[in-house]
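K.L.:
Got run-v4.pdb for you, PDB, C-alpha atoms, pLDDT in the B column:
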ATOM      1  CA  MET V1206      10.554 -24.229  -4.498  1.00 37.00           C
ATOM      2  CA  ARG V1207       8.731 -22.149  -7.062  1.00 39.00           C
ATOM      3  CA  HIS V1208      10.721 -19.538  -8.903  1.00 37.00           C
ATOM      4  CA  HIS V1209       9.096 -16.328 -10.157  1.00 42.00           C
ATOM      5  CA  LEU V1210      10.205 -14.080 -12.954  1.00 38.00           C
ATOM      6  CA  PRO V1211      10.264 -10.381 -12.087  1.00 43.00           C
ATOM      7  CA  HIS V1212       6.734  -9.023 -12.187  1.00 50.00           C
ATOM      8  CA  PRO V1213       6.140  -6.187 -14.690  1.00 49.00           C
ATOM      9  CA  ALA V1214       4.801  -4.109 -11.834  1.00 49.00           C
ATOM     10  CA  LEU V1215       8.255  -4.079 -10.278  1.00 50.00           C
ATOM     11  CA  THR V1216       9.515  -2.155 -13.285  1.00 51.00           C
ATOM     12  CA  LEU V1217       6.780   0.422 -12.812  1.00 51.00           C
ATOM     13  CA  ALA V1218       7.477   0.580  -9.081  1.00 49.00           C
ATOM     14  CA  ALA V1219      11.131   1.286  -9.793  1.00 49.00           C
ATOM     15  CA  SER V1220      10.143   4.003 -12.255  1.00 52.00           C
ATOM     16  CA  VAL V1221       7.861   5.639  -9.692  1.00 47.00           C
ATOM     17  CA  LEU V1222      10.641   5.493  -7.111  1.00 48.00           C
ATOM     18  CA  ALA V1223      13.199   6.952  -9.499  1.00 48.00           C
ATOM     19  CA  ALA V1224      10.835   9.733 -10.533  1.00 49.00           C
ATOM     20  CA  ALA V1225      10.264  10.732  -6.932  1.00 46.00           C
ATOM     21  CA  ILE V1226      13.987  10.818  -6.192  1.00 40.00           C
ATOM     22  CA  LEU V1227      15.014  12.640  -9.340  1.00 41.00           C
ATOM     23  CA  SER V1228      12.221  15.190  -9.371  1.00 45.00           C
ATOM     24  CA  GLY V1229      13.133  16.705  -6.015  1.00 44.00           C
ATOM     25  CA  PRO V1230      10.651  18.850  -4.067  1.00 43.00           C
ATOM     26  CA  ALA V1231       7.408  19.408  -5.940  1.00 43.00           C
ATOM     27  CA  THR V1232       5.808  22.814  -6.226  1.00 44.00           C
ATOM     28  CA  ALA V1233       2.131  22.969  -5.302  1.00 43.00           C
ATOM     29  CA  THR V1234      -0.434  25.690  -5.062  1.00 46.00           C
ATOM     30  CA  ALA V1235      -1.623  26.699  -1.619  1.00 45.00           C
ATOM     31  CA  ASP V1236      -4.560  24.321  -1.683  1.00 54.00           C
ATOM     32  CA  SER V1237      -3.663  21.495  -4.045  1.00 70.00           C
ATOM     33  CA  LEU V1238      -1.185  18.790  -4.947  1.00 88.00           C
ATOM     34  CA  SER V1239       1.389  19.579  -7.587  1.00 92.00           C
ATOM     35  CA  PRO V1240       0.871  17.707 -10.893  1.00 94.00           C
ATOM     36  CA  GLY V1241       3.929  15.581 -10.114  1.00 94.00           C
ATOM     37  CA  ASP V1242       2.754  14.682  -6.601  1.00 95.00           C
ATOM     38  CA  ARG V1243      -0.670  13.751  -7.899  1.00 96.00           C
ATOM     39  CA  GLN V1244       0.729  11.699 -10.789  1.00 96.00           C
ATOM     40  CA  ARG V1245       3.053   9.699  -8.564  1.00 95.00           C
ATOM     41  CA  LEU V1246       0.412   9.072  -5.912  1.00 97.00           C
ATOM     42  CA  VAL V1247      -2.209   7.922  -8.408  1.00 98.00           C
ATOM     43  CA  ALA V1248       0.304   5.761 -10.298  1.00 98.00           C
ATOM     44  CA  HIS V1249       1.415   3.994  -7.130  1.00 98.00           C
ATOM     45  CA  LEU V1250      -2.138   3.384  -5.924  1.00 98.00           C
ATOM     46  CA  GLU V1251      -3.114   1.974  -9.329  1.00 98.00           C
ATOM     47  CA  LEU V1252       0.041  -0.137  -9.379  1.00 97.00           C
ATOM     48  CA  THR V1253      -0.521  -1.847  -6.056  1.00 98.00           C
ATOM     49  CA  GLU V1254      -4.226  -2.475  -6.630  1.00 98.00           C
ATOM     50  CA  ALA V1255      -3.610  -4.151  -9.986  1.00 98.00           C
ATOM     51  CA  TRP V1256      -0.565  -6.039  -8.730  1.00 97.00           C
ATOM     52  CA  LEU V1257      -2.398  -7.486  -5.723  1.00 98.00           C
ATOM     53  CA  ALA V1258      -5.283  -8.662  -7.905  1.00 98.00           C
ATOM     54  CA  ASP V1259      -2.817 -10.243 -10.328  1.00 98.00           C
ATOM     55  CA  GLU V1260      -0.919 -12.092  -7.583  1.00 98.00           C
ATOM     56  CA  VAL V1261      -4.116 -13.610  -6.204  1.00 97.00           C
ATOM     57  CA  ALA V1262      -5.817 -14.413  -9.508  1.00 97.00           C
ATOM     58  CA  GLY V1263      -6.211 -18.107 -10.256  1.00 97.00           C
ATOM     59  CA  LEU V1264      -4.869 -19.395  -6.932  1.00 98.00           C
ATOM     60  CA  SER V1265      -6.465 -22.568  -5.609  1.00 98.00           C
ATOM     61  CA  ALA V1266      -7.907 -22.937  -2.127  1.00 97.00           C
ATOM     62  CA  SER V1267      -4.810 -24.873  -1.025  1.00 98.00           C
ATOM     63  CA  GLN V1268      -2.494 -22.205  -2.423  1.00 98.00           C
ATOM     64  CA  LEU V1269      -4.437 -19.440  -0.686  1.00 98.00           C
ATOM     65  CA  ALA V1270      -4.376 -21.332   2.635  1.00 97.00           C
ATOM     66  CA  PHE V1271      -0.728 -22.491   2.549  1.00 98.00           C
ATOM     67  CA  ARG V1272       1.469 -21.313   5.422  1.00 97.00           C
ATOM     68  CA  PRO V1273       5.277 -21.552   5.126  1.00 96.00           C
ATOM     69  CA  SER V1274       5.349 -22.206   8.890  1.00 95.00           C
ATOM     70  CA  PRO V1275       2.667 -22.629  11.554  1.00 93.00           C
ATOM     71  CA  GLU V1276       2.970 -19.022  12.732  1.00 92.00           C
ATOM     72  CA  ALA V1277       3.274 -17.484   9.257  1.00 94.00           C
ATOM     73  CA  TRP V1278       0.467 -15.836   7.330  1.00 96.00           C
ATOM     74  CA  SER V1279      -1.125 -17.408   4.281  1.00 97.00           C
ATOM     75  CA  VAL V1280      -1.900 -15.522   1.060  1.00 98.00           C
ATOM     76  CA  LYS V1281      -5.503 -15.241   2.237  1.00 98.00           C
ATOM     77  CA  ASP V1282      -4.306 -13.791   5.537  1.00 97.00           C
ATOM     78  CA  VAL V1283      -2.247 -11.152   3.734  1.00 97.00           C
ATOM     79  CA  VAL V1284      -5.167 -10.058   1.554  1.00 98.00           C
ATOM     80  CA  GLU V1285      -7.451  -9.963   4.585  1.00 97.00           C
ATOM     81  CA  HIS V1286      -4.903  -7.878   6.493  1.00 96.00           C
ATOM     82  CA  LEU V1287      -4.906  -5.307   3.693  1.00 98.00           C
ATOM     83  CA  ALA V1288      -8.707  -5.253   3.606  1.00 97.00           C
ATOM     84  CA  ILE V1289      -8.732  -4.602   7.374  1.00 97.00           C
ATOM     85  CA  ALA V1290      -5.826  -2.143   7.500  1.00 97.00           C
ATOM     86  CA  GLU V1291      -6.631   0.209   4.641  1.00 97.00           C
ATOM     87  CA  PRO V1292      -9.974   1.423   6.062  1.00 97.00           C
ATOM     88  CA  GLN V1293      -8.141   2.255   9.293  1.00 96.00           C
ATOM     89  CA  TYR V1294      -5.388   4.099   7.439  1.00 95.00           C
ATOM     90  CA  TRP V1295      -7.894   5.939   5.241  1.00 97.00           C
ATOM     91  CA  GLY V1296      -9.869   6.912   8.323  1.00 96.00           C
ATOM     92  CA  GLN V1297      -6.711   8.526   9.661  1.00 94.00           C
ATOM     93  CA  VAL V1298      -6.504  10.573   6.460  1.00 95.00           C
ATOM     94  CA  THR V1299     -10.063  11.834   6.794  1.00 95.00           C
ATOM     95  CA  GLU V1300      -9.522  12.592  10.482  1.00 94.00           C
ATOM     96  CA  SER V1301      -6.350  14.557   9.702  1.00 93.00           C
ATOM     97  CA  LEU V1302      -8.262  16.595   7.116  1.00 94.00           C
ATOM     98  CA  THR V1303     -10.489  17.988   9.879  1.00 92.00           C
ATOM     99  CA  ARG V1304      -7.485  19.969  11.119  1.00 90.00           C
ATOM    100  CA  ALA V1305      -6.344  23.126   9.341  1.00 89.00           C
ATOM    101  CA  ALA V1306      -3.295  23.164   7.097  1.00 90.00           C
ATOM    102  CA  THR V1307      -0.389  24.879   8.836  1.00 88.00           C
ATOM    103  CA  GLY V1308       2.382  24.794   6.229  1.00 87.00           C
ATOM    104  CA  TYR V1309       3.808  21.692   7.916  1.00 89.00           C
ATOM    105  CA  LYS V1310       7.235  20.461   6.822  1.00 90.00           C
ATOM    106  CA  PRO V1311       7.721  16.683   7.181  1.00 92.00           C
ATOM    107  CA  GLU V1312      10.656  15.014   8.896  1.00 91.00           C
ATOM    108  CA  THR V1313      10.831  12.209   6.332  1.00 93.00           C
ATOM    109  CA  THR V1314      11.097  12.154   2.518  1.00 95.00           C
ATOM    110  CA  ASP V1315       8.966  10.744  -0.271  1.00 95.00           C
ATOM    111  CA  ALA V1316      11.892   8.533  -1.279  1.00 95.00           C
ATOM    112  CA  ALA V1317      11.935   6.995   2.211  1.00 94.00           C
ATOM    113  CA  ILE V1318       8.212   6.294   1.982  1.00 94.00           C
ATOM    114  CA  LEU V1319       8.710   4.584  -1.374  1.00 94.00           C
ATOM    115  CA  TRP V1320      11.668   2.582  -0.102  1.00 93.00           C
ATOM    116  CA  TYR V1321       9.495   1.276   2.731  1.00 89.00           C
ATOM    117  CA  GLY V1322       7.434  -0.531   0.100  1.00 92.00           C
ATOM    118  CA  VAL V1323      10.508  -2.284  -1.311  1.00 90.00           C
ATOM    119  CA  ASP V1324      12.703  -3.087   1.703  1.00 84.00           C
ATOM    120  CA  ARG V1325      11.310  -5.925   3.822  1.00 80.00           C
ATOM    121  CA  THR V1326      14.361  -6.404   6.047  1.00 78.00           C
ATOM    122  CA  ASP V1327      12.491  -4.804   8.977  1.00 72.00           C
ATOM    123  CA  ARG V1328       9.358  -6.861   9.602  1.00 66.00           C
ATOM    124  CA  ALA V1329       7.605  -5.499  12.662  1.00 67.00           C
ATOM    125  CA  ARG V1330       4.402  -7.216  13.738  1.00 72.00           C
ATOM    126  CA  THR V1331       1.191  -5.409  12.895  1.00 73.00           C
ATOM    127  CA  GLY V1332      -1.114  -3.985  15.519  1.00 72.00           C
ATOM    128  CA  GLU V1333      -3.739  -6.300  16.996  1.00 77.00           C
ATOM    129  CA  ALA V1334      -6.543  -4.364  15.264  1.00 73.00           C
ATOM    130  CA  ARG V1335      -5.099  -5.305  11.867  1.00 84.00           C
ATOM    131  CA  VAL V1336      -4.411  -9.004  12.438  1.00 88.00           C
ATOM    132  CA  PRO V1337      -6.393 -11.274  10.061  1.00 92.00           C
ATOM    133  CA  ASP V1338      -9.265 -12.791  12.002  1.00 93.00           C
ATOM    134  CA  GLY V1339     -11.348 -14.641   9.410  1.00 94.00           C
ATOM    135  CA  ARG V1340     -13.961 -11.913   9.026  1.00 94.00           C
ATOM    136  CA  PHE V1341     -13.828 -12.428   5.246  1.00 97.00           C
ATOM    137  CA  LYS V1342     -15.051 -15.831   4.124  1.00 96.00           C
ATOM    138  CA  THR V1343     -12.772 -15.949   1.076  1.00 97.00           C
ATOM    139  CA  ALA V1344      -9.734 -14.161  -0.298  1.00 97.00           C
ATOM    140  CA  GLY V1345     -12.009 -12.952  -3.087  1.00 97.00           C
ATOM    141  CA  ASP V1346     -14.281 -11.265  -0.549  1.00 98.00           C
ATOM    142  CA  ALA V1347     -11.289  -9.562   1.078  1.00 98.00           C
ATOM    143  CA  LEU V1348      -9.917  -8.458  -2.279  1.00 98.00           C
ATOM    144  CA  GLY V1349     -13.322  -7.082  -3.246  1.00 98.00           C
ATOM    145  CA  ALA V1350     -13.485  -4.978  -0.077  1.00 98.00           C
ATOM    146  CA  PHE V1351      -9.936  -3.771  -0.669  1.00 98.00           C
ATOM    147  CA  ARG V1352     -10.716  -2.719  -4.238  1.00 98.00           C
ATOM    148  CA  THR V1353     -13.946  -0.973  -3.264  1.00 98.00           C
ATOM    149  CA  LEU V1354     -12.083   1.295  -0.853  1.00 98.00           C
ATOM    150  CA  ARG V1355      -9.238   1.778  -3.349  1.00 98.00           C
ATOM    151  CA  ALA V1356     -11.771   3.191  -5.808  1.00 98.00           C
ATOM    152  CA  THR V1357     -12.657   5.817  -3.195  1.00 98.00           C
ATOM    153  CA  ILE V1358      -9.016   6.592  -2.424  1.00 98.00           C
ATOM    154  CA  LEU V1359      -8.119   6.862  -6.098  1.00 98.00           C
ATOM    155  CA  ALA V1360     -11.060   9.144  -6.846  1.00 98.00           C
ATOM    156  CA  TYR V1361      -9.884  11.407  -4.046  1.00 97.00           C
ATOM    157  CA  ALA V1362      -6.239  11.348  -5.196  1.00 97.00           C
ATOM    158  CA  ARG V1363      -7.237  12.217  -8.760  1.00 97.00           C
ATOM    159  CA  THR V1364      -9.439  15.189  -7.857  1.00 96.00           C
ATOM    160  CA  THR V1365      -8.680  16.617  -4.417  1.00 95.00           C
ATOM    161  CA  THR V1366      -7.781  20.259  -3.949  1.00 94.00           C
ATOM    162  CA  ASP V1367      -6.972  19.733  -0.251  1.00 95.00           C
ATOM    163  CA  ASP V1368      -3.578  20.925   0.934  1.00 94.00           C
ATOM    164  CA  LEU V1369      -2.038  17.556   1.747  1.00 95.00           C
ATOM    165  CA  ARG V1370       1.516  18.864   1.835  1.00 93.00           C
ATOM    166  CA  GLY V1371       0.667  21.542   4.393  1.00 92.00           C
ATOM    167  CA  ARG V1372      -0.977  19.155   6.847  1.00 92.00           C
ATOM    168  CA  ALA V1373       0.796  16.851   9.269  1.00 92.00           C
ATOM    169  CA  PHE V1374      -0.379  13.267   9.440  1.00 90.00           C
ATOM    170  CA  GLY V1375      -1.411  12.491  12.987  1.00 79.00           C
ATOM    171  CA  ARG V1376       1.263  13.718  15.378  1.00 69.00           C
ATOM    172  CA  GLY V1377       3.816  14.523  12.718  1.00 69.00           C
ATOM    173  CA  GLN V1378       6.845  13.097  10.894  1.00 89.00           C
ATOM    174  CA  MET V1379       4.922  12.708   7.622  1.00 94.00           C
ATOM    175  CA  ASP V1380       2.752  15.134   5.736  1.00 94.00           C
ATOM    176  CA  LEU V1381      -0.671  13.908   4.659  1.00 95.00           C
ATOM    177  CA  HIS V1382       0.388  13.354   1.059  1.00 96.00           C
ATOM    178  CA  GLN V1383       3.145  11.059   2.310  1.00 96.00           C
ATOM    179  CA  TRP V1384       0.677   9.122   4.442  1.00 96.00           C
ATOM    180  CA  CYS V1385      -1.560   8.590   1.396  1.00 97.00           C
ATOM    181  CA  LEU V1386       1.515   7.273  -0.413  1.00 97.00           C
ATOM    182  CA  MET V1387       2.336   5.107   2.614  1.00 96.00           C
ATOM    183  CA  ILE V1388      -1.050   3.400   2.272  1.00 97.00           C
ATOM    184  CA  SER V1389       0.057   2.188  -1.135  1.00 98.00           C
ATOM    185  CA  THR V1390       3.627   1.291  -0.172  1.00 96.00           C
ATOM    186  CA  HIS V1391       2.277  -0.681   2.791  1.00 95.00           C
ATOM    187  CA  ALA V1392       0.261  -2.741   0.290  1.00 97.00           C
ATOM    188  CA  GLN V1393       3.398  -3.176  -1.832  1.00 96.00           C
ATOM    189  CA  ARG V1394       5.277  -4.655   1.145  1.00 95.00           C
ATOM    190  CA  HIS V1395       2.550  -7.232   1.582  1.00 95.00           C
ATOM    191  CA  ILE V1396       2.405  -8.019  -2.132  1.00 97.00           C
ATOM    192  CA  LEU V1397       6.095  -8.873  -1.850  1.00 96.00           C
ATOM    193  CA  GLN V1398       5.181 -11.010   1.159  1.00 95.00           C
ATOM    194  CA  ILE V1399       2.712 -12.920  -1.036  1.00 97.00           C
ATOM    195  CA  ARG V1400       5.474 -13.538  -3.557  1.00 97.00           C
ATOM    196  CA  GLU V1401       7.687 -14.857  -0.748  1.00 95.00           C
ATOM    197  CA  ILE V1402       4.930 -17.253   0.323  1.00 97.00           C
ATOM    198  CA  LYS V1403       4.542 -18.478  -3.259  1.00 98.00           C
ATOM    199  CA  ALA V1404       8.305 -19.035  -3.486  1.00 97.00           C
ATOM    200  CA  SER V1405       8.429 -21.041  -0.234  1.00 96.00           C
ATOM    201  CA  ALA V1406       9.343 -24.721  -0.112  1.00 95.00           C
ATOM    202  CA  GLY V1407       6.181 -26.792  -0.035  1.00 96.00           C
ATOM    203  CA  TYR V1408       3.931 -24.209  -1.706  1.00 98.00           C
ATOM    204  CA  PRO V1409       1.271 -26.242  -3.572  1.00 97.00           C
ATOM    205  CA  LYS V1410       1.655 -26.472  -7.329  1.00 95.00           C
ATOM    206  CA  THR V1411      -2.106 -26.495  -7.761  1.00 96.00           C
TER
END
Before anything else, please render the file you have as C-alpha cells.

P.N.:
Amino acid sequence: MRHHLPHPALTLAASVLAAAILSGPATATADSLSPGDRQRLVAHLELTEAWLADEVAGLSASQLAFRPSPEAWSVKDVVEHLAIAEPQYWGQVTESLTRAATGYKPETTDAAILWYGVDRTDRARTGEARVPDGRFKTAGDALGAFRTLRATILAYARTTTDDLRGRAFGRGQMDLHQWCLMISTHAQRHILQIREIKASAGYPKT
C-alpha cells in the first residue's frame, strides 16, 4: 500500500473552511458578491483545479487505469467524471441566472457546502448522465476539458456583479453562490477519491 503525506492543498482547504465558518454571514451589495464571498469562491476553485492537475501529473498508463476492485473507478474515470459533470453543473448556474433575484435565503450553510468536499462517508452513486463512458481518449484530454471550463468559471467568479446570494439554485435549498462553491467542493471529493485509489493495495508503483 502506498502512503501519502498530507498534500499542501489540504492546508489551504482547511483555511478556506475555517474562514467561511469564522467570518459568519457576508455582507453584499444588492447586485454583487461581498469581497469575502468572492475571495473564498475564487480561492476554492483555484485550489481544486491546481490540486487535481497535481494529483494526475506524472501518472503512468497503468496507474491511471488501475481499479481497486472491478466495479470501482480508476483515476482516469474520476477525471473524466469531473470533465463530464462540471459542464452540466455550470449549465445549471447559467440557467438559474435567467430567473430574477428574489432575495432568497438558503436552507443550508456555506460551512455545510465546504464540509461536503471533505467528508466522504456518504458516497451516493452519480447520475447516469455523469458516469464515465470513455468519451475522452486520455486522462490528459479529460483534464484539459476540465481546465478549459474552469477558466470560464473562474473568470466569472472574479468579475461577476450578478446577485448570486439573492437567487435560489434550481428548486431551492442553496443559493446560487453556494452552488458555485459546490461545483468546487464536488471536485474536492473526487480528488480525495483519487488519493484513496493511489493508496489502495495493488496500486502500481510505476

K.L.:
Would you list the contacts of stretch 1274-1291 of chain V as a ChimeraX atom specification, taking every protein, DNA or RNA residue within 10 Å and counting all atoms listed in the file, but skipping same-chain residues closer than 6 positions in sequence?

P.N.:
/V:1257-1258,1260-1261,1264,1266-1268,1297,1331-1332,1334-1355,1358,1388-1389,1391-1392,1395-1396,1398-1403,1405

K.L.:
State, in Å with one decimal place, the distance from atom CA of V:Asp1259 to atom CA of V:Pro1240.

P.N.:
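If I compute the distance from atom CA of V:Asp1259 to atom CA of V:Pro1240, I get 28.2 Å.
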
K.L.:
For this file, the PyMOL selection byres ((chain V and resi 1359) around 12) selects which residues, as number ranges by chain?

P.N.:
V: 1243-1254, 1295, 1352-1358, 1360-1365, 1385-1386, 1388-1389

K.L.:
Applied to this file, what does the PyMOL selection byres ((chain V and resi 1309) around 6) return in terms of residues, put as a PyMOL selection string?

P.N.:
chain V and resi 1307-1308+1310+1371-1373

K.L.:
So how many Å separate atom CA of V:Thr1366 and atom CA of V:Leu1238, to one decimal?

P.N.:
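Separating atom CA of V:Thr1366 from atom CA of V:Leu1238 is a distance of 6.8 Å.
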
K.L.:
Between atom CA of V:Thr1314 and atom CA of V:Met1379, what distance in Å does the model show, to one decimal?

P.N.:
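Result for atom CA of V:Thr1314 versus atom CA of V:Met1379: 8.0 Å, one decimal.
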
K.L.:
So which one's closest to V:Gln1393, V:Ala1255, V:Ala1305, V:Ala1270, V:Val1323? Using all atoms listed in the file, please.

P.N.:
V:Val1323
